[in-house]
Number of protein chains: 2
Amino acid sequence: MPTETLAHSGFADAIAALSPDGPPRVWSLIVTVFGDTGGEVEIGAGTLSRILGMVGVGGSAMRVALHRLKSDGWITARRVGRSSAYRLHPDRLTETRAASARIYATAAPEARDWHVTLLDPEAATREPARGAAIQIAPRMYLRPGSPTDMPGALVLCPGGAAPDWVRRKVGSAEHRQAYDALLRGLQTANELTRKAQLPPVEAFALRVMVVHAWRRVILRHPDLPEALFPEDWPGRACRALVQDLLARLPRPDAGMLAGF
Amino acid sequence: MPTETLAHSGFADAIAALSPDGPPRVWSLIVTVFGDTGGEVEIGAGTLSRILGMVGVGGSAMRVALHRLKSDGWITARRVGRSSAYRLHPDRLTETRAASARIYATAAPEARDWHVTLLDPEAATREPARGAAIQIAPRMYLRPGSPTDMPGALVLCPGGAAPDWVRRKVGSAEHRQAYDALLRGLQTANELTRKAQLPPVEAFALRVMVVHAWRRVILRHPDLPEALFPEDWPGRACRALVQDLLARLPRPDAGMLAGF
């Protein structure tokens, strides 16, 4: 059993450390797999089963998740002999690429790449979605990117360094806890990859877990420059480790994904 | 009596229309006189008495005000024969010039010449002085000019057009009332100067009243671009009339001020 052998070498520890809140949701993990392959590659049922098996997902849990992803329009399926092959639904390519741009970015946004919107304190304007903006005062939101016109709102650009109290709202205690846990998981995975040359399936399974853990944490808050986070924010170290791990755990090629 | 003659020609009406809240405070009016002469000119007691007499200020009210201005360090006095001559105290030149830059400006600030500061909602940071900033939300102030660093505050620059609700805070109902009254006074003064060529002392007295009325209204709020005021704001018409009146009511020369 390769899993038992690898448990000795720290593989199981790394997988556990990368999901400190318990096993990831299977359908979400499968989305990560498709996203990591670039979104236009076909993955055979056998390959998927081996990768997911490495991180503790059984065959029936995988089949339930694939069924849900198909009916939700996330993936398409094709019969190949007695098996199946899957790919991301073309309608999901745009949003997958938008998420990938952020997940695989080698650096945080530029220091001035943010803006603020102040909604009319006396009007019933809709508040932004959680994750799209950080509330820094009543009716006032810090958002990523260049300013865009928003009817009824006062739109403002950076005019100086962010004070500590703003940084503590952007990098909240709740987010810091998630980043600290992620950092421990990434360090565990990093030690494993420095000690051992993992076989291809294990390497890809670990890569998927790294991407998934990173994705879950960063997509919980908007994509803001480091200068808006507290000085000792663990996000920078996490991004650096993710970059190192992705370089050492390369994506498998299309033939390998479809074939084994 | 020249005052009675001029009352027929509308002079008294114009003076009354320029001080709708009752006669101006004498010491404040004298500061306007010194400010209007550029601040470095000597004015004889006789000249001052004639100018103030034209707007209804008696000799004893003038003497009380001059005494107060001297003891407050606003002016210096010099004996000249049996009379006195006054000038602005050199220590007051800087602030007088700063106010003059605003009072005599031919145009409002550039559309983007403002910024916003957000104080820590949970800290006991001092609120800005009334007149220095406009509060647009809790702990949030709109201020004139380029942004400057302010410890503990989030400093922001314009990122788009100001929505109506912000404009209504900048140009409040209270300020609009003051501008509307000013506009009526300026229109009355304007009609008078278009009908009649005023004698020098009357012309200077009217000029001082125009400057004083304008100064009182504009210095009540920070120096912000027109784009931040409501569309139908009377401030633009007031500034244009002030400019017209100042062109038709020139400053007297130094000899005339010291002499008559």
# chains A, B, ... in the order shown; residues from 1 in each chain; ligands from 1

$ interface_residues --of "chain A" --to "chain B" --cutoff "7 Å" --atoms "only C-alpha atoms" --output "VMD selection string"
chain A and resid 120 to 121 137 147 149 152 to 160 162 to 163 165

$ write_last_selection --atoms "all heavy atoms" --output "JSON list (two decimals), in the first residue's frame"
[["chain", "number", "residue", "atom", "x", "y", "z"],
["A", 120, "ASP", "N", -24.29, 56.33, 0.81],
["A", 120, "ASP", "CA", -25.09, 57.35, 1.50],
["A", 120, "ASP", "C", -25.51, 56.81, 2.86],
["A", 120, "ASP", "O", -26.21, 55.80, 2.93],
["A", 120, "ASP", "CB", -26.31, 57.68, 0.63],
["A", 120, "ASP", "CG", -27.16, 58.79, 1.22],
["A", 120, "ASP", "OD1", -26.91, 59.18, 2.38],
["A", 120, "ASP", "OD2", -28.05, 59.27, 0.51],
["A", 121, "PRO", "N", -25.08, 57.47, 3.96],
["A", 121, "PRO", "CA", -25.43, 56.94, 5.29],
["A", 121, "PRO", "C", -26.93, 56.90, 5.52],
["A", 121, "PRO", "O", -27.41, 56.15, 6.36],
["A", 121, "PRO", "CB", -24.77, 57.92, 6.25],
["A", 121, "PRO", "CG", -23.75, 58.65, 5.45],
["A", 121, "PRO", "CD", -24.26, 58.68, 4.03],
["A", 137, "ALA", "N", -15.71, 51.33, 8.17],
["A", 137, "ALA", "CA", -16.49, 52.28, 8.98],
["A", 137, "ALA", "C", -17.94, 52.08, 8.55],
["A", 137, "ALA", "O", -18.20, 51.39, 7.56],
["A", 137, "ALA", "CB", -16.02, 53.70, 8.75],
["A", 147, "PRO", "N", -10.61, 52.45, -8.95],
["A", 147, "PRO", "CA", -11.99, 52.86, -8.67],
["A", 147, "PRO", "C", -12.87, 52.78, -9.90],
["A", 147, "PRO", "O", -12.41, 53.01, -11.03],
["A", 147, "PRO", "CB", -11.84, 54.31, -8.22],
["A", 147, "PRO", "CG", -10.55, 54.77, -8.77],
["A", 147, "PRO", "CD", -9.67, 53.56, -8.87],
["A", 149, "ASP", "N", -16.96, 53.92, -11.14],
["A", 149, "ASP", "CA", -18.11, 54.72, -10.73],
["A", 149, "ASP", "C", -19.18, 53.84, -10.11],
["A", 149, "ASP", "O", -19.42, 52.73, -10.58],
["A", 149, "ASP", "CB", -18.71, 55.43, -11.95],
["A", 149, "ASP", "CG", -18.30, 56.90, -11.96],
["A", 149, "ASP", "OD1", -17.59, 57.32, -11.02],
["A", 149, "ASP", "OD2", -18.67, 57.61, -12.91],
["A", 152, "GLY", "N", -24.47, 56.96, -6.60],
["A", 152, "GLY", "CA", -24.86, 57.26, -5.22],
["A", 152, "GLY", "C", -23.75, 57.13, -4.21],
["A", 152, "GLY", "O", -23.92, 57.52, -3.05],
["A", 153, "ALA", "N", -22.59, 56.58, -4.62],
["A", 153, "ALA", "CA", -21.50, 56.39, -3.65],
["A", 153, "ALA", "C", -20.40, 57.43, -3.90],
["A", 153, "ALA", "O", -20.19, 57.87, -5.02],
["A", 153, "ALA", "CB", -20.91, 55.00, -3.78],
["A", 154, "LEU", "N", -19.73, 57.80, -2.82],
["A", 154, "LEU", "CA", -18.52, 58.62, -2.95],
["A", 154, "LEU", "C", -17.36, 57.65, -3.12],
["A", 154, "LEU", "O", -17.13, 56.79, -2.26],
["A", 154, "LEU", "CB", -18.33, 59.49, -1.71],
["A", 154, "LEU", "CG", -17.11, 60.42, -1.74],
["A", 154, "LEU", "CD1", -17.26, 61.47, -2.84],
["A", 154, "LEU", "CD2", -16.90, 61.08, -0.40],
["A", 155, "VAL", "N", -16.64, 57.75, -4.25],
["A", 155, "VAL", "CA", -15.54, 56.83, -4.55],
["A", 155, "VAL", "C", -14.22, 57.56, -4.27],
["A", 155, "VAL", "O", -14.02, 58.69, -4.71],
["A", 155, "VAL", "CB", -15.61, 56.37, -6.02],
["A", 155, "VAL", "CG1", -14.50, 55.37, -6.31],
["A", 155, "VAL", "CG2", -16.97, 55.75, -6.32],
["A", 156, "LEU", "N", -13.33, 56.89, -3.55],
["A", 156, "LEU", "CA", -12.09, 57.52, -3.10],
["A", 156, "LEU", "C", -10.89, 56.63, -3.37],
["A", 156, "LEU", "O", -11.00, 55.40, -3.34],
["A", 156, "LEU", "CB", -12.20, 57.82, -1.60],
["A", 156, "LEU", "CG", -13.33, 58.78, -1.22],
["A", 156, "LEU", "CD1", -13.71, 58.61, 0.25],
["A", 156, "LEU", "CD2", -12.95, 60.21, -1.52],
["A", 157, "CYS", "N", -9.74, 57.26, -3.63],
["A", 157, "CYS", "CA", -8.48, 56.55, -3.91],
["A", 157, "CYS", "C", -7.52, 56.70, -2.75],
["A", 157, "CYS", "O", -7.67, 57.60, -1.94],
["A", 157, "CYS", "CB", -7.83, 57.17, -5.14],
["A", 157, "CYS", "SG", -8.74, 56.88, -6.64],
["A", 158, "PRO", "N", -6.46, 55.87, -2.72],
["A", 158, "PRO", "CA", -5.48, 56.00, -1.65],
["A", 158, "PRO", "C", -4.83, 57.38, -1.66],
["A", 158, "PRO", "O", -4.49, 57.90, -2.71],
["A", 158, "PRO", "CB", -4.42, 54.94, -1.96],
["A", 158, "PRO", "CG", -4.94, 54.13, -3.08],
["A", 158, "PRO", "CD", -6.15, 54.77, -3.65],
["A", 159, "GLY", "N", -4.67, 57.97, -0.48],
["A", 159, "GLY", "CA", -4.04, 59.29, -0.36],
["A", 159, "GLY", "C", -2.89, 59.26, 0.63],
["A", 159, "GLY", "O", -2.34, 60.30, 0.95],
["A", 160, "GLY", "N", -2.52, 58.07, 1.11],
["A", 160, "GLY", "CA", -1.43, 57.96, 2.09],
["A", 160, "GLY", "C", -1.39, 56.55, 2.62],
["A", 160, "GLY", "O", -2.18, 55.69, 2.22],
["A", 162, "ALA", "N", -1.91, 53.38, 4.99],
["A", 162, "ALA", "CA", -3.05, 52.97, 5.82],
["A", 162, "ALA", "C", -2.63, 52.89, 7.28],
["A", 162, "ALA", "O", -1.60, 52.28, 7.59],
["A", 162, "ALA", "CB", -3.58, 51.63, 5.34],
["A", 163, "PRO", "N", -3.41, 53.49, 8.18],
["A", 163, "PRO", "CA", -3.06, 53.40, 9.60],
["A", 163, "PRO", "C", -3.32, 51.99, 10.15],
["A", 163, "PRO", "O", -4.03, 51.20, 9.53],
["A", 163, "PRO", "CB", -3.96, 54.43, 10.27],
["A", 163, "PRO", "CG", -5.12, 54.58, 9.34],
["A", 163, "PRO", "CD", -4.62, 54.28, 7.95],
["A", 165, "TRP", "N", -5.17, 50.78, 12.48],
["A", 165, "TRP", "CA", -6.54, 50.30, 12.75],
["A", 165, "TRP", "C", -7.23, 49.83, 11.47],
["A", 165, "TRP", "O", -8.06, 48.93, 11.51],
["A", 165, "TRP", "CB", -7.36, 51.35, 13.50],
["A", 165, "TRP", "CG", -7.64, 52.62, 12.75],
["A", 165, "TRP", "CD1", -6.91, 53.76, 12.76],
["A", 165, "TRP", "CD2", -8.74, 52.87, 11.87],
["A", 165, "TRP", "NE1", -7.47, 54.71, 11.94],
["A", 165, "TRP", "CE2", -8.61, 54.19, 11.39],
["A", 165, "TRP", "CE3", -9.83, 52.11, 11.44],
["A", 165, "TRP", "CZ2", -9.51, 54.76, 10.49],
["A", 165, "TRP", "CZ3", -10.74, 52.67, 10.56],
["A", 165, "TRP", "CH2", -10.58, 53.99, 10.10]]

$ select_by_dssp --residues "segment 15-258 of chain B" --states "helix (DSSP H, G or I)" --output "count of residues only"
123

$ calpha_fit_and_write --fixed "chain B" --moving "chain A" --output "short mmCIF file (atom, residue, chain, number, x, y, z; two decimals) with C-alpha atoms, in the first residue's frame"
data_model
loop_
_atom_site.label_atom_id
_atom_site.label_comp_id
_atom_site.auth_asym_id
_atom_site.auth_seq_id
_atom_site.Cartn_x
_atom_site.Cartn_y
_atom_site.Cartn_z
CA MET A 1 -24.66 115.66 4.47
CA PRO A 2 -23.29 113.31 1.84
CA THR A 3 -24.80 110.24 3.54
CA GLU A 4 -28.32 111.63 3.03
CA THR A 5 -27.66 112.42 -0.61
CA LEU A 6 -26.27 108.95 -1.13
CA ALA A 7 -29.24 107.38 0.65
CA HIS A 8 -31.30 108.59 -2.27
CA SER A 9 -28.92 107.00 -4.73
CA GLY A 10 -29.16 103.64 -2.92
CA PHE A 11 -25.90 103.72 -0.96
CA ALA A 12 -27.57 103.14 2.43
CA ASP A 13 -29.68 100.36 0.91
CA ALA A 14 -26.57 98.65 -0.44
CA ILE A 15 -24.78 98.89 2.91
CA ALA A 16 -27.84 97.47 4.70
CA ALA A 17 -28.23 94.73 2.10
CA LEU A 18 -24.58 93.71 2.57
CA SER A 19 -25.10 93.19 6.31
CA PRO A 20 -28.44 91.37 6.50
CA ASP A 21 -27.75 90.16 10.05
CA GLY A 22 -27.28 93.69 11.38
CA PRO A 23 -24.21 95.98 11.54
CA PRO A 24 -20.90 94.10 11.36
CA ARG A 25 -18.64 93.94 14.42
CA VAL A 26 -16.44 97.03 14.24
CA TRP A 27 -13.13 95.31 15.07
CA SER A 28 -13.78 92.67 12.43
CA LEU A 29 -14.63 95.33 9.85
CA ILE A 30 -11.35 97.16 10.66
CA VAL A 31 -9.44 93.88 10.06
CA THR A 32 -11.14 93.72 6.66
CA VAL A 33 -10.00 97.29 5.91
CA PHE A 34 -6.37 96.47 6.74
CA GLY A 35 -6.57 93.16 4.88
CA ASP A 36 -7.99 94.88 1.80
CA THR A 37 -5.11 97.36 1.66
CA GLY A 38 -2.65 94.46 1.47
CA GLY A 39 -1.68 94.66 5.13
CA GLU A 40 1.41 96.82 4.81
CA VAL A 41 -0.16 100.24 4.41
CA GLU A 42 -0.58 102.84 7.15
CA ILE A 43 -4.08 104.22 7.62
CA GLY A 44 -4.70 107.54 9.33
CA ALA A 45 -7.31 107.82 12.11
CA GLY A 46 -9.15 110.44 10.05
CA THR A 47 -9.42 108.19 7.00
CA LEU A 48 -10.61 105.24 9.07
CA SER A 49 -13.18 107.41 10.79
CA ARG A 50 -14.57 108.64 7.46
CA ILE A 51 -14.79 105.16 5.95
CA LEU A 52 -16.42 103.67 9.04
CA GLY A 53 -18.68 106.69 9.38
CA MET A 54 -20.04 105.96 5.88
CA VAL A 55 -21.25 102.57 7.09
CA GLY A 56 -22.72 103.84 10.35
CA VAL A 57 -19.87 103.29 12.81
CA GLY A 58 -19.46 106.18 15.26
CA GLY A 59 -16.18 107.57 16.60
CA SER A 60 -16.39 106.02 20.06
CA ALA A 61 -17.20 102.53 18.70
CA MET A 62 -14.17 102.91 16.42
CA ARG A 63 -11.87 103.95 19.30
CA VAL A 64 -13.00 100.96 21.43
CA ALA A 65 -12.37 98.58 18.54
CA LEU A 66 -8.93 100.07 17.78
CA HIS A 67 -7.99 99.72 21.45
CA ARG A 68 -9.01 96.06 21.43
CA LEU A 69 -7.16 95.36 18.17
CA LYS A 70 -3.99 96.94 19.61
CA SER A 71 -4.14 94.97 22.87
CA ASP A 72 -4.86 91.73 20.92
CA GLY A 73 -1.75 92.34 18.80
CA TRP A 74 -3.69 92.84 15.55
CA ILE A 75 -2.52 96.40 14.82
CA THR A 76 0.19 98.87 15.82
CA ALA A 77 -0.38 102.60 16.36
CA ARG A 78 1.85 105.63 15.82
CA ARG A 79 1.25 109.23 16.89
CA VAL A 80 1.22 111.66 13.96
CA GLY A 81 0.93 115.22 15.30
CA ARG A 82 -2.37 115.36 17.23
CA SER A 83 -3.70 112.26 15.43
CA SER A 84 -2.70 108.59 15.02
CA ALA A 85 -1.87 106.25 12.17
CA TYR A 86 -2.41 102.47 12.25
CA ARG A 87 -1.06 99.45 10.44
CA LEU A 88 -1.47 95.70 10.68
CA HIS A 89 0.92 94.08 13.18
CA PRO A 90 3.72 92.29 11.21
CA ASP A 91 2.96 89.07 13.15
CA ARG A 92 -0.49 89.00 11.52
CA LEU A 93 0.73 89.35 7.94
CA THR A 94 1.00 85.61 7.23
CA GLU A 95 -2.54 84.75 8.33
CA THR A 96 -3.94 87.88 6.68
CA ARG A 97 -2.32 86.89 3.39
CA ALA A 98 -3.63 83.33 3.68
CA ALA A 99 -7.17 84.67 4.13
CA SER A 100 -6.65 87.19 1.28
CA ALA A 101 -5.52 84.43 -1.09
CA ARG A 102 -8.91 82.90 -0.61
CA ILE A 103 -11.03 86.09 -0.44
CA TYR A 104 -9.63 87.59 -3.66
CA ALA A 105 -9.26 84.30 -5.62
CA THR A 106 -10.80 84.71 -9.07
CA ALA A 107 -11.86 81.05 -9.17
CA ALA A 108 -12.73 78.21 -6.81
CA PRO A 109 -10.12 75.45 -6.32
CA GLU A 110 -9.56 72.85 -9.05
CA ALA A 111 -12.17 70.07 -9.20
CA ARG A 112 -9.83 67.43 -7.73
CA ASP A 113 -8.31 69.67 -5.07
CA TRP A 114 -9.79 67.97 -2.00
CA HIS A 115 -9.31 64.86 0.08
CA VAL A 116 -11.00 62.82 2.76
CA THR A 117 -9.74 61.62 6.13
CA LEU A 118 -11.32 58.79 8.05
CA LEU A 119 -10.44 58.72 11.75
CA ASP A 120 -10.34 55.40 13.62
CA PRO A 121 -14.01 54.82 14.54
CA GLU A 122 -12.92 53.27 17.82
CA ALA A 123 -10.18 55.73 18.90
CA ALA A 124 -10.67 59.06 20.65
CA THR A 125 -8.95 61.06 17.87
CA ARG A 126 -9.68 64.79 17.96
CA GLU A 127 -12.31 66.02 15.48
CA PRO A 128 -11.18 68.84 13.13
CA ALA A 129 -12.09 72.47 13.82
CA ARG A 130 -15.40 73.73 12.40
CA GLY A 131 -14.68 75.49 9.10
CA ALA A 132 -11.60 73.35 8.39
CA ALA A 133 -13.50 70.30 7.16
CA ILE A 134 -16.97 69.02 6.29
CA GLN A 135 -18.16 65.91 8.07
CA ILE A 136 -19.74 63.54 5.55
CA ALA A 137 -20.10 60.40 7.67
CA PRO A 138 -19.24 59.35 11.24
CA ARG A 139 -15.52 60.13 11.85
CA MET A 140 -15.10 61.03 8.16
CA TYR A 141 -14.14 64.51 6.93
CA LEU A 142 -13.89 66.14 3.55
CA ARG A 143 -11.03 68.65 3.47
CA PRO A 144 -9.59 71.16 1.00
CA GLY A 145 -6.27 70.75 -0.82
CA SER A 146 -3.91 67.87 -1.50
CA PRO A 147 -3.79 65.01 0.99
CA THR A 148 -1.28 65.19 3.81
CA ASP A 149 -0.32 62.34 6.10
CA MET A 150 -2.31 62.25 9.31
CA PRO A 151 -1.21 59.67 11.90
CA GLY A 152 -3.92 57.12 12.58
CA ALA A 153 -6.21 58.33 9.79
CA LEU A 154 -6.99 56.74 6.45
CA VAL A 155 -6.33 59.48 3.86
CA LEU A 156 -8.22 59.28 0.56
CA CYS A 157 -8.28 61.21 -2.74
CA PRO A 158 -11.12 61.88 -5.18
CA GLY A 159 -11.97 58.80 -7.25
CA GLY A 160 -15.06 60.08 -9.10
CA ALA A 161 -17.80 62.68 -9.14
CA ALA A 162 -19.34 63.55 -5.77
CA PRO A 163 -22.91 62.26 -5.40
CA ASP A 164 -25.76 64.62 -4.52
CA TRP A 165 -25.91 63.65 -0.86
CA VAL A 166 -22.25 64.65 -0.39
CA ARG A 167 -22.87 67.95 -2.20
CA ARG A 168 -25.79 68.67 0.11
CA LYS A 169 -23.50 68.21 3.13
CA VAL A 170 -20.82 70.51 1.65
CA GLY A 171 -23.39 73.12 0.63
CA SER A 172 -25.72 72.83 3.60
CA ALA A 173 -29.09 74.57 3.91
CA GLU A 174 -27.56 76.91 6.54
CA HIS A 175 -24.74 77.97 4.20
CA ARG A 176 -27.14 78.34 1.30
CA GLN A 177 -29.23 80.80 3.30
CA ALA A 178 -26.11 82.89 4.01
CA TYR A 179 -25.10 82.80 0.31
CA ASP A 180 -28.61 83.72 -0.84
CA ALA A 181 -28.60 86.75 1.48
CA LEU A 182 -25.09 87.67 0.29
CA LEU A 183 -26.20 87.41 -3.33
CA ARG A 184 -29.04 89.88 -2.72
CA GLY A 185 -26.60 92.29 -1.03
CA LEU A 186 -24.10 92.01 -3.87
CA GLN A 187 -26.83 92.55 -6.47
CA THR A 188 -27.96 95.70 -4.64
CA ALA A 189 -24.37 96.98 -4.50
CA ASN A 190 -23.91 96.06 -8.16
CA GLU A 191 -26.95 98.07 -9.24
CA LEU A 192 -25.67 101.07 -7.28
CA THR A 193 -22.22 100.98 -8.92
CA ARG A 194 -23.78 100.60 -12.38
CA LYS A 195 -26.00 103.68 -11.84
CA ALA A 196 -23.55 106.06 -10.18
CA GLN A 197 -19.86 106.91 -10.02
CA LEU A 198 -19.32 106.96 -6.26
CA PRO A 199 -16.97 109.49 -4.64
CA PRO A 200 -13.68 107.88 -3.39
CA VAL A 201 -14.57 107.51 0.31
CA GLU A 202 -18.00 106.07 -0.46
CA ALA A 203 -16.51 103.78 -3.09
CA PHE A 204 -13.94 102.46 -0.63
CA ALA A 205 -16.55 102.08 2.14
CA LEU A 206 -18.72 100.04 -0.23
CA ARG A 207 -15.71 97.99 -1.33
CA VAL A 208 -14.88 97.21 2.31
CA MET A 209 -18.48 96.12 2.96
CA VAL A 210 -18.44 93.88 -0.12
CA VAL A 211 -15.19 92.24 0.95
CA HIS A 212 -16.39 91.92 4.53
CA ALA A 213 -19.71 90.32 3.61
CA TRP A 214 -18.00 87.87 1.21
CA ARG A 215 -15.26 87.06 3.73
CA ARG A 216 -17.74 86.29 6.51
CA VAL A 217 -19.67 83.85 4.33
CA ILE A 218 -16.81 82.01 2.59
CA LEU A 219 -14.63 81.60 5.67
CA ARG A 220 -17.44 79.70 7.38
CA HIS A 221 -16.71 76.63 5.25
CA PRO A 222 -13.48 75.10 3.85
CA ASP A 223 -12.21 76.15 0.43
CA LEU A 224 -13.64 73.39 -1.77
CA PRO A 225 -14.15 73.04 -5.54
CA GLU A 226 -17.48 73.98 -7.10
CA ALA A 227 -17.95 70.34 -8.16
CA LEU A 228 -18.51 69.46 -4.49
CA PHE A 229 -21.40 71.90 -4.06
CA PRO A 230 -24.99 71.37 -5.26
CA GLU A 231 -25.59 72.18 -8.95
CA ASP A 232 -27.65 75.31 -8.20
CA TRP A 233 -25.26 76.63 -5.53
CA PRO A 234 -25.29 80.47 -5.33
CA GLY A 235 -21.56 80.63 -4.51
CA ARG A 236 -20.43 80.87 -8.13
CA ALA A 237 -22.71 83.87 -8.84
CA CYS A 238 -21.53 85.54 -5.62
CA ARG A 239 -17.85 85.14 -6.55
CA ALA A 240 -18.48 86.58 -10.03
CA LEU A 241 -20.31 89.61 -8.57
CA VAL A 242 -17.57 90.17 -5.98
CA GLN A 243 -15.00 90.15 -8.79
CA ASP A 244 -17.06 92.66 -10.81
CA LEU A 245 -17.53 94.95 -7.82
CA LEU A 246 -13.85 94.87 -6.82
CA ALA A 247 -12.93 95.83 -10.39
CA ARG A 248 -15.30 98.80 -10.31
CA LEU A 249 -14.43 99.82 -6.72
CA PRO A 250 -10.61 99.95 -6.77
CA ARG A 251 -8.44 100.10 -3.67
CA PRO A 252 -7.46 103.67 -2.74
CA ASP A 253 -3.73 104.40 -2.99
CA ALA A 254 -1.50 104.65 0.10
CA GLY A 255 -1.35 108.44 0.00
CA MET A 256 -5.12 108.75 0.07
CA LEU A 257 -5.38 106.24 2.92
CA ALA A 258 -2.83 108.01 5.09
CA GLY A 259 -3.84 111.50 4.16
CA PHE A 260 -7.40 112.67 4.03
#

$ select_by_dssp --residues "segment 110-255 of chain A" --states "strand (DSSP E)" --output "list in words"
Trp114, His115, Val116, Thr117, Leu118, Ile134, Gln135, Ile136, Ala137, Met140, Tyr141, Leu142, Arg143, Pro144, Leu154, Val155, Leu156, Cys157 and Pro158 of chain A

$ write_last_selection --atoms "N, CA and C atoms" --output "CSV table (one decimal), in the first residue's frame"
chain,number,residue,atom,x,y,z
A,114,TRP,N,-6.2,49.8,-4.8
A,114,TRP,CA,-7.4,49.7,-4.0
A,114,TRP,C,-8.1,51.0,-4.0
A,115,HIS,N,-9.4,50.9,-3.5
A,115,HIS,CA,-10.2,52.2,-3.4
A,115,HIS,C,-11.2,52.0,-2.3
A,116,VAL,N,-11.9,53.1,-2.1
A,116,VAL,CA,-12.9,53.1,-1.0
A,116,VAL,C,-14.2,53.6,-1.5
A,117,THR,N,-15.3,53.0,-1.1
A,117,THR,CA,-16.6,53.5,-1.5
A,117,THR,C,-17.4,53.8,-0.2
A,118,LEU,N,-18.0,55.0,-0.2
A,118,LEU,CA,-18.8,55.4,0.9
A,118,LEU,C,-20.2,55.5,0.4
A,134,ILE,N,-14.0,45.1,2.3
A,134,ILE,CA,-13.8,45.1,3.8
A,134,ILE,C,-14.4,46.3,4.3
A,135,GLN,N,-15.3,46.2,5.3
A,135,GLN,CA,-16.0,47.3,5.9
A,135,GLN,C,-15.0,48.0,6.9
A,136,ILE,N,-14.7,49.3,6.7
A,136,ILE,CA,-13.8,49.9,7.6
A,136,ILE,C,-14.5,51.0,8.5
A,137,ALA,N,-15.7,51.3,8.2
A,137,ALA,CA,-16.5,52.3,9.0
A,137,ALA,C,-17.9,52.1,8.5
A,140,MET,N,-18.9,52.2,4.8
A,140,MET,CA,-17.7,52.5,4.1
A,140,MET,C,-16.9,51.2,3.9
A,141,TYR,N,-16.5,51.0,2.6
A,141,TYR,CA,-15.9,49.8,2.2
A,141,TYR,C,-14.6,50.0,1.4
A,142,LEU,N,-13.6,49.2,1.8
A,142,LEU,CA,-12.4,49.1,1.1
A,142,LEU,C,-12.4,48.0,0.1
A,143,ARG,N,-12.1,48.3,-1.1
A,143,ARG,CA,-12.2,47.4,-2.2
A,143,ARG,C,-10.9,47.2,-3.0
A,144,PRO,N,-10.8,46.1,-3.7
A,144,PRO,CA,-9.5,45.9,-4.5
A,144,PRO,C,-9.7,46.6,-5.9
A,154,LEU,N,-19.7,57.8,-2.8
A,154,LEU,CA,-18.5,58.6,-3.0
A,154,LEU,C,-17.4,57.6,-3.1
A,155,VAL,N,-16.6,57.8,-4.3
A,155,VAL,CA,-15.5,56.8,-4.6
A,155,VAL,C,-14.2,57.6,-4.3
A,156,LEU,N,-13.3,56.9,-3.5
A,156,LEU,CA,-12.1,57.5,-3.1
A,156,LEU,C,-10.9,56.6,-3.4
A,157,CYS,N,-9.7,57.3,-3.6
A,157,CYS,CA,-8.5,56.6,-3.9
A,157,CYS,C,-7.5,56.7,-2.7
A,158,PRO,N,-6.5,55.9,-2.7
A,158,PRO,CA,-5.5,56.0,-1.6
A,158,PRO,C,-4.8,57.4,-1.7
